[in-house]
file run_21.csv (CSV, C-alpha atoms)
chain,number,residue,atom,x,y,z
B,29,GLY,CA,9.6,-14.9,1.3
B,30,GLU,CA,6.3,-13.3,0.7
B,31,ASN,CA,4.1,-12.8,3.7
B,32,VAL,CA,0.9,-12.2,1.7
B,33,GLU,CA,0.1,-14.1,-1.4
B,34,GLN,CA,-2.6,-12.9,-3.8
B,35,HIS,CA,-4.3,-14.7,-6.7
B,36,PRO,CA,-5.0,-14.3,-9.5
B,37,SER,CA,-2.5,-11.7,-10.8
B,38,THR,CA,-4.9,-10.8,-13.6
B,39,LEU,CA,-8.6,-11.2,-13.9
B,40,SER,CA,-10.9,-10.3,-16.8
B,41,VAL,CA,-14.7,-10.4,-16.4
B,42,GLN,CA,-17.7,-9.3,-18.3
B,43,GLU,CA,-19.7,-6.3,-17.0
B,44,GLY,CA,-22.3,-7.4,-14.6
B,45,ASP,CA,-20.4,-10.6,-13.6
B,46,SER,CA,-18.8,-11.1,-10.2
B,47,ALA,CA,-15.1,-11.0,-9.4
B,48,VAL,CA,-13.3,-12.8,-6.6
B,49,ILE,CA,-9.7,-12.2,-5.5
B,50,LYS,CA,-8.1,-14.4,-2.9
B,51,CYS,CA,-5.2,-13.8,-0.5
B,52,THR,CA,-3.4,-15.9,2.1
B,53,TYR,CA,-1.1,-14.7,4.9
B,54,SER,CA,1.5,-16.3,7.1
B,55,ASP,CA,1.6,-14.3,10.3
B,56,SER,CA,-0.9,-15.9,12.7
B,57,ALA,CA,-0.9,-12.7,14.8
B,58,SER,CA,-2.3,-10.6,11.8
B,59,ASN,CA,-5.6,-9.1,12.8
B,60,TYR,CA,-6.3,-6.4,10.3
B,61,PHE,CA,-6.9,-7.0,6.6
B,62,PRO,CA,-7.6,-4.0,4.3
B,63,TRP,CA,-8.1,-4.0,0.5
B,64,TYR,CA,-6.9,-1.2,-1.7
B,65,LYS,CA,-7.8,-0.2,-5.2
B,66,GLN,CA,-5.2,1.5,-7.3
B,67,GLU,CA,-6.2,3.4,-10.5
B,68,LEU,CA,-3.7,4.4,-13.1
B,69,GLY,CA,-1.5,7.3,-11.9
B,70,LYS,CA,-2.9,7.3,-8.4
B,71,GLY,CA,-2.0,5.9,-5.0
B,72,PRO,CA,-3.8,3.0,-3.5
B,73,GLN,CA,-7.2,3.8,-2.0
B,74,LEU,CA,-8.8,1.9,0.8
B,75,ILE,CA,-12.1,0.3,-0.3
B,76,ILE,CA,-12.9,-2.1,2.5
B,77,ASP,CA,-11.3,-3.7,5.5
B,78,ILE,CA,-12.0,-6.4,8.0
B,79,ARG,CA,-10.7,-7.3,11.5
B,80,SER,CA,-10.0,-10.7,12.8
B,81,ASN,CA,-13.1,-10.8,15.1
B,82,VAL,CA,-15.4,-10.6,12.1
B,83,GLY,CA,-15.9,-13.3,9.4
B,84,GLU,CA,-17.5,-11.2,6.7
B,85,LYS,CA,-18.2,-7.5,5.9
B,86,LYS,CA,-20.2,-6.0,3.1
B,87,ASP,CA,-20.4,-2.5,1.6
B,88,GLN,CA,-22.8,-2.2,-1.3
B,89,ARG,CA,-21.3,-4.3,-4.2
B,90,ILE,CA,-18.1,-5.1,-2.3
B,91,ALA,CA,-17.7,-7.8,0.4
B,92,VAL,CA,-14.7,-9.4,2.2
B,93,THR,CA,-14.6,-12.7,3.9
B,94,LEU,CA,-12.0,-13.9,6.4
B,95,ASN,CA,-11.0,-17.4,7.5
B,96,LYS,CA,-8.5,-17.1,10.3
B,97,THR,CA,-8.1,-20.8,10.7
B,98,ALA,CA,-7.0,-21.2,7.1
B,99,LYS,CA,-5.3,-17.8,7.1
B,100,HIS,CA,-7.0,-16.6,4.0
B,101,PHE,CA,-9.3,-13.8,3.0
B,102,SER,CA,-11.2,-12.8,-0.2
B,103,LEU,CA,-12.6,-9.8,-1.9
B,104,HIS,CA,-15.9,-10.2,-3.8
B,105,ILE,CA,-17.2,-7.6,-6.2
B,106,THR,CA,-20.7,-8.2,-7.5
B,107,GLU,CA,-22.4,-6.6,-10.6
B,108,THR,CA,-19.0,-5.3,-11.8
B,109,GLN,CA,-18.8,-2.1,-13.8
B,110,PRO,CA,-16.1,-0.8,-16.1
B,111,GLU,CA,-15.1,1.7,-13.5
B,112,ASP,CA,-14.1,-1.2,-11.2
B,113,SER,CA,-11.2,-1.8,-13.6
B,114,ALA,CA,-8.0,-1.2,-11.6
B,115,VAL,CA,-5.3,-3.0,-9.6
B,116,TYR,CA,-6.5,-4.4,-6.3
B,117,PHE,CA,-4.2,-5.1,-3.4
B,118,CYS,CA,-4.9,-7.1,-0.3
B,119,ALA,CA,-2.8,-6.5,2.9
B,120,ALA,CA,-2.4,-7.9,6.3
B,121,SER,CA,-0.9,-6.4,9.5
B,122,TYR,CA,2.5,-8.0,10.1
B,123,ASN,CA,4.5,-8.6,13.3
B,124,ASN,CA,2.5,-5.7,14.9
B,125,ASN,CA,4.8,-3.3,13.1
B,126,ASP,CA,3.7,-2.8,9.6
B,127,MET,CA,1.4,-3.7,6.8
B,128,ARG,CA,2.4,-6.3,4.2
B,129,PHE,CA,0.8,-6.2,0.8
B,130,GLY,CA,0.0,-8.8,-1.8
B,131,ALA,CA,1.4,-8.5,-5.3
B,132,GLY,CA,-1.8,-7.1,-6.7
B,133,THR,CA,-4.6,-8.2,-9.1
B,134,ARG,CA,-5.2,-6.4,-12.3
B,135,LEU,CA,-9.0,-6.5,-12.8
B,136,THR,CA,-10.4,-5.7,-16.2
B,137,VAL,CA,-14.2,-5.3,-16.6
B,138,LYS,CA,-15.2,-5.6,-20.2
B,139,PRO,CA,-18.3,-3.6,-21.3
M,29,ASP,CA,-8.3,13.0,-2.4
M,30,SER,CA,-6.5,11.2,0.5
M,31,GLY,CA,-5.1,14.4,2.0
M,32,VAL,CA,-1.5,13.1,1.6
M,33,THR,CA,0.7,15.3,-0.5
M,34,GLN,CA,3.9,14.0,-2.2
M,35,THR,CA,6.4,16.1,-4.2
M,36,PRO,CA,7.7,16.0,-6.7
M,37,LYS,CA,5.4,13.9,-8.9
M,38,HIS,CA,8.1,13.0,-11.3
M,39,LEU,CA,11.9,12.9,-10.9
M,40,ILE,CA,14.5,12.0,-13.5
M,41,THR,CA,18.1,11.8,-12.5
M,42,ALA,CA,21.3,10.0,-13.3
M,43,THR,CA,23.0,7.0,-11.7
M,44,GLY,CA,25.1,8.0,-8.7
M,45,GLN,CA,23.0,11.0,-7.8
M,46,ARG,CA,21.1,11.7,-4.7
M,47,VAL,CA,17.4,12.8,-4.5
M,48,THR,CA,15.0,13.7,-1.7
M,49,LEU,CA,11.3,12.9,-1.8
M,50,ARG,CA,8.9,14.8,0.3
M,51,CYS,CA,5.6,13.8,2.0
M,52,SER,CA,3.0,15.8,3.9
M,53,PRO,CA,0.7,13.5,5.8
M,54,ARG,CA,-3.0,13.9,6.2
M,55,SER,CA,-4.0,16.5,8.7
M,56,GLY,CA,-4.0,15.0,12.2
M,57,ASP,CA,-2.1,11.8,11.2
M,58,LEU,CA,1.1,11.2,13.2
M,59,SER,CA,2.4,8.1,11.4
M,60,VAL,CA,4.1,8.1,8.0
M,61,TYR,CA,5.0,5.1,6.0
M,62,TRP,CA,7.2,4.8,2.9
M,63,TYR,CA,6.6,2.1,0.2
M,64,GLN,CA,8.4,1.3,-3.0
M,65,GLN,CA,6.5,0.0,-6.0
M,66,SER,CA,8.5,-1.3,-9.0
M,67,LEU,CA,7.0,-1.9,-12.4
M,68,ASP,CA,4.1,-4.4,-12.1
M,69,GLN,CA,5.2,-5.2,-8.6
M,70,GLY,CA,3.4,-4.9,-5.3
M,71,LEU,CA,4.1,-2.4,-2.5
M,72,GLN,CA,7.4,-3.0,-0.6
M,73,PHE,CA,7.5,-1.5,2.8
M,74,LEU,CA,10.5,0.6,3.4
M,75,ILE,CA,10.2,2.5,6.7
M,76,GLN,CA,7.8,4.0,9.2
M,77,TYR,CA,7.9,7.0,11.5
M,78,TYR,CA,5.6,8.0,14.3
M,79,ASN,CA,5.6,11.5,15.7
M,80,GLY,CA,9.2,12.0,14.6
M,81,GLU,CA,10.6,8.7,15.7
M,82,GLU,CA,11.5,5.7,13.6
M,83,ARG,CA,9.2,2.8,14.4
M,84,ALA,CA,9.7,0.0,11.9
M,85,LYS,CA,12.0,-0.9,9.1
M,86,GLY,CA,11.4,-3.1,6.1
M,87,ASN,CA,13.5,-3.8,3.1
M,88,ILE,CA,15.2,-0.5,3.0
M,89,LEU,CA,18.6,-0.3,1.5
M,90,GLU,CA,21.5,1.3,3.4
M,91,ARG,CA,21.7,3.9,0.6
M,92,PHE,CA,18.2,5.1,1.6
M,93,SER,CA,17.3,7.0,4.7
M,94,ALA,CA,14.3,8.9,5.9
M,95,GLN,CA,13.2,11.3,8.7
M,96,GLN,CA,10.1,12.9,10.0
M,97,PHE,CA,10.2,16.5,11.1
M,98,PRO,CA,8.5,18.3,14.0
M,99,ASP,CA,5.8,19.5,11.6
M,100,LEU,CA,5.2,15.8,10.8
M,101,HIS,CA,6.2,16.0,7.2
M,102,SER,CA,8.7,13.3,6.1
M,103,GLU,CA,11.5,13.1,3.6
M,104,LEU,CA,13.0,10.0,2.0
M,105,ASN,CA,16.6,10.4,0.8
M,106,LEU,CA,17.9,8.1,-1.9
M,107,SER,CA,21.7,8.2,-2.6
M,108,SER,CA,24.1,6.6,-5.0
M,109,LEU,CA,21.2,5.9,-7.2
M,110,GLU,CA,21.2,2.8,-9.4
M,111,LEU,CA,19.1,2.0,-12.4
M,112,GLY,CA,17.2,-0.5,-10.3
M,113,ASP,CA,16.0,2.2,-8.0
M,114,SER,CA,13.6,3.4,-10.7
M,115,ALA,CA,10.2,3.0,-9.2
M,116,LEU,CA,7.1,4.7,-7.8
M,117,TYR,CA,7.6,5.8,-4.2
M,118,PHE,CA,4.5,6.1,-2.1
M,119,CYS,CA,4.0,7.8,1.2
M,120,ALA,CA,1.1,6.8,3.4
M,121,SER,CA,-0.1,8.2,6.7
M,122,SER,CA,-2.3,7.0,9.5
M,123,LEU,CA,-3.6,8.5,12.7
M,124,ILE,CA,-1.9,6.1,15.2
M,125,ASP,CA,1.2,4.0,15.5
M,126,ASN,CA,-0.5,0.8,14.8
M,127,PRO,CA,-0.6,-1.4,11.6
M,128,ASN,CA,-4.2,-2.2,12.4
M,129,SER,CA,-5.4,1.2,11.2
M,130,PRO,CA,-6.2,2.3,7.6
M,131,LEU,CA,-3.4,3.8,5.6
M,132,HIS,CA,-4.0,6.9,3.4
M,133,PHE,CA,-1.7,7.0,0.4
M,134,GLY,CA,-0.4,9.9,-1.6
M,135,ASN,CA,-0.2,9.7,-5.4
M,136,GLY,CA,3.4,8.9,-5.3
M,137,THR,CA,6.7,10.1,-6.8
M,138,ARG,CA,7.8,8.4,-10.0
M,139,LEU,CA,11.6,8.2,-10.0
M,140,THR,CA,13.5,7.4,-13.2
M,141,VAL,CA,17.2,6.8,-12.9
M,142,THR,CA,19.0,6.9,-16.3

call {"tool": "encode", "arguments": {"input": "run_21.csv", "output": "structure tokens"}}
result
Amino acid sequence: GENVEQHPSTLSVQEGDSAVIKCTYSDSASNYFPWYKQELGKGPQLIIDIRSNVGEKKDQRIAVTLNKTAKHFSLHITETQPEDSAVYFCAASYNNNDMRFGAGTRLTVKP
Amino acid sequence: DSGVTQTPKHLITATGQRVTLRCSPRSGDLSVYWYQQSLDQGLQFLIQYYNGEERAKGNILERFSAQQFPDLHSELNLSSLELGDSALYFCASSLIDNPNSPLHFGNGTRLTVT
């Protein structure tokens, strides 16, 4: 089964509103949680990451929170802009061997 | 630009054929990962190499194989192709042999099997 679950699969917001994407993971040994943004025709690009010794990290309009006890982490985008429209993937290190990705969230920011 | 180069960008071939996808990692990165992304699907991990050695295997079919060469570029070989193999294939690189480090993705090879 899936090791990383991501919700929602699609998200539509008005420009200026906030967007939140949530992920859960199953491997209690996971300790690295990156988020990637994939624009049409391109490969995923790292936008922010968090490690298990930190509960929250912020970079301008983007923030990520991590709850290790509950095994879930979230991406928060504030003051969304049309250029934020893309597919976002969460990921978690798995079994100390590789990175497992969520199924992705297609975010649409309406002007 | 991630610094990871994948060729070709597009590949169209027939069922039963064999293709080779190529990846040049970011300068200085020793680890190469291959992922498959089907239509509207997430990224499925296939295989990882570090400094020429296979390190981890995911859901890679027996018809698929890969290798990493001394100059650190990697090739993914897909044989006996089936319609269901049509997908985007991404290569990613990282500096170290550790899943706890950022991955840098290329722009992928779009494979269409007809």

call {"tool": "interface_residues", "arguments": {"input": "run_21.csv", "of": "chain B", "to": "chain M", "cutoff": "12 Å", "atoms": "only C-alpha atoms", "output": "ChimeraX atom specification"}}
result
/B:29-34,37-38,57-80,115-134

call {"tool": "atom_distance", "arguments": {"input": "run_21.csv", "atom1": "CA of Thr136 (chain B)", "atom2": "CA of Asp45 (chain B)"}}
result
11.4 Å

call {"tool": "closest_atom_pairs", "arguments": {"input": "run_21.csv", "of": "region 31-60 of chain M", "to": "region 78-81 of chain M", "cutoff": "8 Å", "atoms": "only C-alpha atoms", "output": "JSON lines"}}
result
{"residue": "M:Leu58", "atom": "CA", "partner": "M:Asn79", "partner_atom": "CA", "distance": 5.2}
{"residue": "M:Ser59", "atom": "CA", "partner": "M:Tyr78", "partner_atom": "CA", "distance": 4.3}
{"residue": "M:Val60", "atom": "CA", "partner": "M:Tyr78", "partner_atom": "CA", "distance": 6.5}

call {"tool": "atom_distance", "arguments": {"input": "run_21.csv", "atom1": "CA of Val47 (chain M)", "atom2": "CA of Asp99 (chain M)"}}
result
20.9 Å

call {"tool": "atom_distance", "arguments": {"input": "run_21.csv", "atom1": "CA of Ser102 (chain B)", "atom2": "CA of Asn87 (chain M)"}}
result
26.5 Å

call {"tool": "build_atoms", "arguments": {"input": "run_21.csv", "residues": "region 55-84 of chain B", "atoms": "N, CA and C atoms", "output": "PDB file, keeping the file's coordinate frame"}}
result
ATOM      1  N   ASP B  55       1.409 -14.685   8.943  1.00  0.00           N
ATOM      2  CA  ASP B  55       1.600 -14.300  10.300  1.00  0.00           C
ATOM      3  C   ASP B  55       0.266 -14.534  11.107  1.00  0.00           C
ATOM      4  N   SER B  56       0.289 -15.512  11.995  1.00  0.00           N
ATOM      5  CA  SER B  56      -0.900 -15.900  12.700  1.00  0.00           C
ATOM      6  C   SER B  56      -1.411 -14.747  13.642  1.00  0.00           C
ATOM      7  N   ALA B  57      -0.536 -13.773  13.901  1.00  0.00           N
ATOM      8  CA  ALA B  57      -0.900 -12.700  14.800  1.00  0.00           C
ATOM      9  C   ALA B  57      -1.606 -11.533  13.961  1.00  0.00           C
ATOM     10  N   SER B  58      -1.635 -11.650  12.650  1.00  0.00           N
ATOM     11  CA  SER B  58      -2.300 -10.600  11.800  1.00  0.00           C
ATOM     12  C   SER B  58      -3.749 -10.519  12.249  1.00  0.00           C
ATOM     13  N   ASN B  59      -4.228  -9.274  12.416  1.00  0.00           N
ATOM     14  CA  ASN B  59      -5.600  -9.100  12.800  1.00  0.00           C
ATOM     15  C   ASN B  59      -6.336  -7.994  12.088  1.00  0.00           C
ATOM     16  N   TYR B  60      -5.692  -7.450  11.054  1.00  0.00           N
ATOM     17  CA  TYR B  60      -6.300  -6.400  10.300  1.00  0.00           C
ATOM     18  C   TYR B  60      -6.020  -6.619   8.815  1.00  0.00           C
ATOM     19  N   PHE B  61      -7.087  -6.608   7.984  1.00  0.00           N
ATOM     20  CA  PHE B  61      -6.900  -7.000   6.600  1.00  0.00           C
ATOM     21  C   PHE B  61      -7.666  -6.016   5.689  1.00  0.00           C
ATOM     22  N   PRO B  62      -6.945  -5.020   5.189  1.00  0.00           N
ATOM     23  CA  PRO B  62      -7.600  -4.000   4.300  1.00  0.00           C
ATOM     24  C   PRO B  62      -7.410  -4.440   2.832  1.00  0.00           C
ATOM     25  N   TRP B  63      -8.247  -3.873   2.006  1.00  0.00           N
ATOM     26  CA  TRP B  63      -8.100  -4.000   0.500  1.00  0.00           C
ATOM     27  C   TRP B  63      -8.040  -2.612  -0.054  1.00  0.00           C
ATOM     28  N   TYR B  64      -7.131  -2.489  -1.030  1.00  0.00           N
ATOM     29  CA  TYR B  64      -6.900  -1.200  -1.700  1.00  0.00           C
ATOM     30  C   TYR B  64      -7.110  -1.321  -3.172  1.00  0.00           C
ATOM     31  N   LYS B  65      -7.607  -0.244  -3.752  1.00  0.00           N
ATOM     32  CA  LYS B  65      -7.800  -0.200  -5.200  1.00  0.00           C
ATOM     33  C   LYS B  65      -6.862   0.917  -5.731  1.00  0.00           C
ATOM     34  N   GLN B  66      -6.095   0.585  -6.746  1.00  0.00           N
ATOM     35  CA  GLN B  66      -5.200   1.500  -7.300  1.00  0.00           C
ATOM     36  C   GLN B  66      -5.501   1.780  -8.783  1.00  0.00           C
ATOM     37  N   GLU B  67      -5.899   2.991  -9.087  1.00  0.00           N
ATOM     38  CA  GLU B  67      -6.200   3.400 -10.500  1.00  0.00           C
ATOM     39  C   GLU B  67      -4.903   3.975 -11.073  1.00  0.00           C
ATOM     40  N   LEU B  68      -4.852   4.000 -12.367  1.00  0.00           N
ATOM     41  CA  LEU B  68      -3.700   4.400 -13.100  1.00  0.00           C
ATOM     42  C   LEU B  68      -3.246   5.847 -12.673  1.00  0.00           C
ATOM     43  N   GLY B  69      -1.995   5.987 -12.295  1.00  0.00           N
ATOM     44  CA  GLY B  69      -1.500   7.300 -11.900  1.00  0.00           C
ATOM     45  C   GLY B  69      -1.835   7.785 -10.554  1.00  0.00           C
ATOM     46  N   LYS B  70      -2.453   6.916  -9.762  1.00  0.00           N
ATOM     47  CA  LYS B  70      -2.900   7.300  -8.400  1.00  0.00           C
ATOM     48  C   LYS B  70      -2.295   6.365  -7.371  1.00  0.00           C
ATOM     49  N   GLY B  71      -2.373   6.793  -6.130  1.00  0.00           N
ATOM     50  CA  GLY B  71      -2.000   5.900  -5.000  1.00  0.00           C
ATOM     51  C   GLY B  71      -3.102   4.970  -4.674  1.00  0.00           C
ATOM     52  N   PRO B  72      -2.787   3.902  -3.970  1.00  0.00           N
ATOM     53  CA  PRO B  72      -3.800   3.000  -3.500  1.00  0.00           C
ATOM     54  C   PRO B  72      -4.843   3.651  -2.619  1.00  0.00           C
ATOM     55  N   GLN B  73      -6.093   3.259  -2.779  1.00  0.00           N
ATOM     56  CA  GLN B  73      -7.200   3.800  -2.000  1.00  0.00           C
ATOM     57  C   GLN B  73      -7.892   2.721  -1.247  1.00  0.00           C
ATOM     58  N   LEU B  74      -8.084   2.883   0.048  1.00  0.00           N
ATOM     59  CA  LEU B  74      -8.800   1.900   0.800  1.00  0.00           C
ATOM     60  C   LEU B  74     -10.229   1.757   0.377  1.00  0.00           C
ATOM     61  N   ILE B  75     -10.672   0.508   0.119  1.00  0.00           N
ATOM     62  CA  ILE B  75     -12.100   0.300  -0.300  1.00  0.00           C
ATOM     63  C   ILE B  75     -12.870  -0.445   0.744  1.00  0.00           C
ATOM     64  N   ILE B  76     -12.234  -1.324   1.479  1.00  0.00           N
ATOM     65  CA  ILE B  76     -12.900  -2.100   2.500  1.00  0.00           C
ATOM     66  C   ILE B  76     -11.864  -2.720   3.409  1.00  0.00           C
ATOM     67  N   ASP B  77     -12.198  -2.962   4.658  1.00  0.00           N
ATOM     68  CA  ASP B  77     -11.300  -3.700   5.500  1.00  0.00           C
ATOM     69  C   ASP B  77     -12.051  -4.545   6.498  1.00  0.00           C
ATOM     70  N   ILE B  78     -11.345  -5.504   7.082  1.00  0.00           N
ATOM     71  CA  ILE B  78     -12.000  -6.400   8.000  1.00  0.00           C
ATOM     72  C   ILE B  78     -11.012  -6.738   9.132  1.00  0.00           C
ATOM     73  N   ARG B  79     -11.548  -6.917  10.310  1.00  0.00           N
ATOM     74  CA  ARG B  79     -10.700  -7.300  11.500  1.00  0.00           C
ATOM     75  C   ARG B  79     -10.965  -8.702  11.844  1.00  0.00           C
ATOM     76  N   SER B  80     -10.047  -9.251  12.621  1.00  0.00           N
ATOM     77  CA  SER B  80     -10.000 -10.700  12.800  1.00  0.00           C
ATOM     78  C   SER B  80     -11.219 -11.199  13.664  1.00  0.00           C
ATOM     79  N   ASN B  81     -11.941 -10.317  14.311  1.00  0.00           N
ATOM     80  CA  ASN B  81     -13.100 -10.800  15.100  1.00  0.00           C
ATOM     81  C   ASN B  81     -14.367 -10.838  14.281  1.00  0.00           C
ATOM     82  N   VAL B  82     -14.231 -10.622  12.969  1.00  0.00           N
ATOM     83  CA  VAL B  82     -15.400 -10.600  12.100  1.00  0.00           C
ATOM     84  C   VAL B  82     -15.101 -11.577  10.920  1.00  0.00           C
ATOM     85  N   GLY B  83     -16.097 -12.337  10.481  1.00  0.00           N
ATOM     86  CA  GLY B  83     -15.900 -13.300   9.400  1.00  0.00           C
ATOM     87  C   GLY B  83     -16.243 -12.732   8.027  1.00  0.00           C
ATOM     88  N   GLU B  84     -17.121 -11.713   8.020  1.00  0.00           N
ATOM     89  CA  GLU B  84     -17.500 -11.200   6.700  1.00  0.00           C
ATOM     90  C   GLU B  84     -17.989  -9.728   6.925  1.00  0.00           C
TER      91      GLU B  84
END
